[in-house]
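Please read the structure below before turning to the comments.
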Amino acid sequence: MIISKKGTLFEMQVPKEYEGKSADDIFRTIWRAPKKWIHSIRMADEVKINNQKANWNAPLKEGDFLHFPLFYEEDYGVIPHFHPIEILYEDEHLLVANKPTGMDTHPNEEGQTGTLANAVAYHLQMNGELSKVKHIHRLDRDTTGAVLFAKNQLSGAILDRMLSERKIKRTYWALADGLIGPKKGTINKPIGRDRHHAVKRRVSPSGQEAVTHFRVLKKIPSARLSFIECTLDTGRTHQIRVHFSDMGYPLAGDKLYGGSSRFKRQALHARFLEFSHPLSGEFIHCEASFLDNPPIFENVID
């Protein structure tokens, strides 16, 4: 699908698979955009077809041009603050950054700087973009890897829905203490707060659904470690850390959940992020390199 940015306007050339659909179908059924947002641009007569005021219910033809204002200047929502970051993917609608260890994904209090969101805002500022920084998911402070951000209201709403519908695949690499028996499996145990600890979570019958799929990529008998790959159906706080600790194989370096002290942090890295672009449908695959020095995974796995 051909989409482009022209100043403040988003433009899409209607593809063959959308022929016969109306503008209303695209906004409400295909994109499932927020109802309030659709109402506001409809009332303002801001949607055009082939440079003419849109008839919202008229069937579109392949090759028609649909355009509307989307790229408004907005406050970043966080204070731009320099920190060198690796950008894994970026276009006018979204950005994927590789988060280093020891950095929060976003500020937890007003005026906080030094987070990945602050670094992303600085990156946008240096590129002359003024758009709100919206994280779609987050990683723990000491977990590294790929984090997805939206750059406008429409892509943010669609990506939020895709995440809740499990259409954004997040694949993690981890090192667990001990030699895990099964080669693969699914952990389906609810997770809730630990009432005895302000930060800690635990497996709890009254907690929220939490599903982790895993496979053992390699066992390292000499180090008593298992190199594992995990994908999540849900995104609970500390999910992988809690599930493997509950199994009796806490992540190496994860002192909060009983892991060994062989590393300065939990050995957990968001290695891959895969999803279809919220507007073009293009398949996006991001692979996050290791930023630790010395690198935890490369030293142990190699």
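Residue names in the structure tokens use chain letters A, B, ... in the order shown, residue numbers from 1 in each chain, and ligand numbers from 1 in the order shown.
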Restrict the calculation to only C-alpha atoms, then for each residue of segment 90-208 of chain A with any atom at most 9 Å from an atom of segment 213-233 of chain A give the closest atom pair and their distance in Å to one decimal, rows by chain and rising residue number, as a Markdown table.
```
| residue | atom | partner | partner_atom | distance |
| --- | --- | --- | --- | --- |
| A:Glu165 | CA | A:Asp233 | CA | 9.0 |
| A:Arg166 | CA | A:Asp233 | CA | 6.1 |
| A:Lys169 | CA | A:Thr231 | CA | 7.2 |
| A:Arg170 | CA | A:Thr231 | CA | 5.8 |
| A:Thr171 | CA | A:Thr231 | CA | 4.7 |
| A:Tyr172 | CA | A:Cys230 | CA | 5.0 |
| A:Trp173 | CA | A:Glu229 | CA | 4.7 |
| A:Ala174 | CA | A:Ile228 | CA | 5.3 |
| A:Leu175 | CA | A:Phe227 | CA | 4.7 |
| A:Ala176 | CA | A:Ser226 | CA | 5.2 |
| A:Asp177 | CA | A:Leu225 | CA | 4.9 |
| A:Gly178 | CA | A:Arg224 | CA | 4.9 |
| A:Leu179 | CA | A:Ser226 | CA | 5.4 |
| A:Ile180 | CA | A:Ser226 | CA | 6.3 |
| A:Gly181 | CA | A:Val216 | CA | 8.8 |
| A:Pro182 | CA | A:Val216 | CA | 7.7 |
| A:Lys183 | CA | A:Val216 | CA | 5.1 |
| A:Lys184 | CA | A:Arg215 | CA | 3.9 |
| A:Gly185 | CA | A:Phe214 | CA | 5.5 |
| A:Thr186 | CA | A:His213 | CA | 4.3 |
| A:Ile187 | CA | A:His213 | CA | 6.3 |
| A:Asn188 | CA | A:His213 | CA | 8.6 |
```
Generate the output file for the selected residues, C-alpha atoms, as an mmCIF file, in the first residue's frame.
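Final output, selection-v9.cif:
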```cif
data_model
loop_
_atom_site.group_PDB
_atom_site.id
_atom_site.type_symbol
_atom_site.label_atom_id
_atom_site.label_comp_id
_atom_site.auth_asym_id
_atom_site.auth_seq_id
_atom_site.Cartn_x
_atom_site.Cartn_y
_atom_site.Cartn_z
ATOM 1 C CA GLU A 165 -4.953 -8.164 20.392
ATOM 2 C CA ARG A 166 -1.509 -9.844 20.468
ATOM 3 C CA LYS A 169 5.211 -10.174 18.536
ATOM 4 C CA ARG A 170 7.862 -9.580 21.179
ATOM 5 C CA THR A 171 10.643 -12.141 21.449
ATOM 6 C CA TYR A 172 13.022 -12.119 24.398
ATOM 7 C CA TRP A 173 16.328 -13.843 25.037
ATOM 8 C CA ALA A 174 17.210 -14.740 28.613
ATOM 9 C CA LEU A 175 19.696 -16.726 30.654
ATOM 10 C CA ALA A 176 18.155 -18.707 33.499
ATOM 11 C CA ASP A 177 19.984 -20.280 36.413
ATOM 12 C CA GLY A 178 19.898 -24.068 36.200
ATOM 13 C CA LEU A 179 19.340 -26.561 33.396
ATOM 14 C CA ILE A 180 15.704 -26.458 32.322
ATOM 15 C CA GLY A 181 14.316 -29.925 31.535
ATOM 16 C CA PRO A 182 11.686 -29.469 28.799
ATOM 17 C CA LYS A 183 12.876 -28.132 25.439
ATOM 18 C CA LYS A 184 9.825 -25.914 25.147
ATOM 19 C CA GLY A 185 6.629 -25.092 26.984
ATOM 20 C CA THR A 186 3.981 -22.563 27.966
ATOM 21 C CA ILE A 187 3.665 -20.998 31.396
ATOM 22 C CA ASN A 188 0.083 -19.924 32.036
#
```
Next on the checklist: If you run DSSP on the backbone here, which positions in segment 97-156 of chain A get alpha helix (DSSP H)? Please write them as a list in words.
Outcome noted: Leu116, Ala117, Asn118, Ala119, Val120, Ala121, Tyr122, His123, Leu124, Gln125, Met126, Gln153, Leu154, Ser155 and Gly156 of chain A
Would you write out those residues with C-alpha atoms, as a short mmCIF file (atom, residue, chain, number, x, y, z; two decimals), in the first residue's frame?
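Listing of out-v8.cif after writing:
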```cif
data_model
loop_
_atom_site.label_atom_id
_atom_site.label_comp_id
_atom_site.auth_asym_id
_atom_site.auth_seq_id
_atom_site.Cartn_x
_atom_site.Cartn_y
_atom_site.Cartn_z
CA LEU A 116 14.36 6.35 26.85
CA ALA A 117 11.35 8.56 26.13
CA ASN A 118 13.45 11.66 26.90
CA ALA A 119 16.16 10.41 24.53
CA VAL A 120 13.57 9.74 21.80
CA ALA A 121 12.17 13.27 22.26
CA TYR A 122 15.68 14.68 21.85
CA HIS A 123 16.18 12.59 18.71
CA LEU A 124 12.93 13.97 17.25
CA GLN A 125 13.88 17.51 18.24
CA MET A 126 17.24 17.22 16.46
CA GLN A 153 -2.50 9.87 17.39
CA LEU A 154 -3.79 7.52 14.70
CA SER A 155 -0.80 5.16 14.66
CA GLY A 156 -0.70 5.23 18.46
#
```
Checklist outcome for this item: Nearest to Thr237 of chain A, restricted to only C-alpha atoms and choosing among A:Thr143, A:Ser280, A:Ser260, A:Asn55, comes out as A:Thr143
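Excluding Glu19 of chain A and any residue on its chain fewer than 3 positions from it, the residues at most 12 Å away by only C-alpha atoms are Gln13, Val14, Pro15, Lys16, Ser22, Ala23, Asp25, Ile26, Ala58, Pro59, Leu60, Lys61, Glu62, Gly63, Asp64 and Phe65 of chain A.
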Checklist entry - Among segment 49-262 of chain A, which ones does DSSP place in strand (DSSP E or B), written as a PyMOL selection string? => result chain A and resi 49+52-53+65-69+86-90+94-99+134-135+144-150+169-177+184-188+191-193+201-203+208+211-220+225-232+251
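Comparing the minimum interatomic distances between Thr113 of chain A and each of A:Lys99, A:Arg193, A:His83, A:Arg138, counting only C-alpha atoms, we find that A:His83 sits nearest.
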Next on the checklist: So that I can see what lies close to Ser131 of chain A, please list as an NGL selection string the residues with an atom at most 9 Å from it, counting only C-alpha atoms and leaving out residues fewer than 6 positions away in the same chain.
Outcome noted: :A and (71-77 or 121 or 124-125 or 151-152)
Selected residues written out with C-alpha atoms, as a PDB file, in the first residue's frame:
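The result, written out as part.pdb:
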```pdb
ATOM      1  CA  PHE A  71       0.941  15.429  11.383  1.00  0.00           C
ATOM      2  CA  TYR A  72       0.106  18.202  13.824  1.00  0.00           C
ATOM      3  CA  GLU A  73       2.814  19.763  15.946  1.00  0.00           C
ATOM      4  CA  GLU A  74       2.406  18.555  19.527  1.00  0.00           C
ATOM      5  CA  ASP A  75       4.407  18.966  22.688  1.00  0.00           C
ATOM      6  CA  TYR A  76       6.702  15.990  23.259  1.00  0.00           C
ATOM      7  CA  GLY A  77       5.054  15.300  26.601  1.00  0.00           C
ATOM      8  CA  ALA A 121      12.172  13.267  22.256  1.00  0.00           C
ATOM      9  CA  LEU A 124      12.932  13.974  17.248  1.00  0.00           C
ATOM     10  CA  GLN A 125      13.876  17.509  18.240  1.00  0.00           C
ATOM     11  CA  LYS A 151       4.556   9.447  16.585  1.00  0.00           C
ATOM     12  CA  ASN A 152       0.945  10.448  15.930  1.00  0.00           C
TER      13      ASN A 152
END
```
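Here atom CA of Gln112 of chain A and atom CA of Phe263 of chain A stand 27.5 Å from one another.
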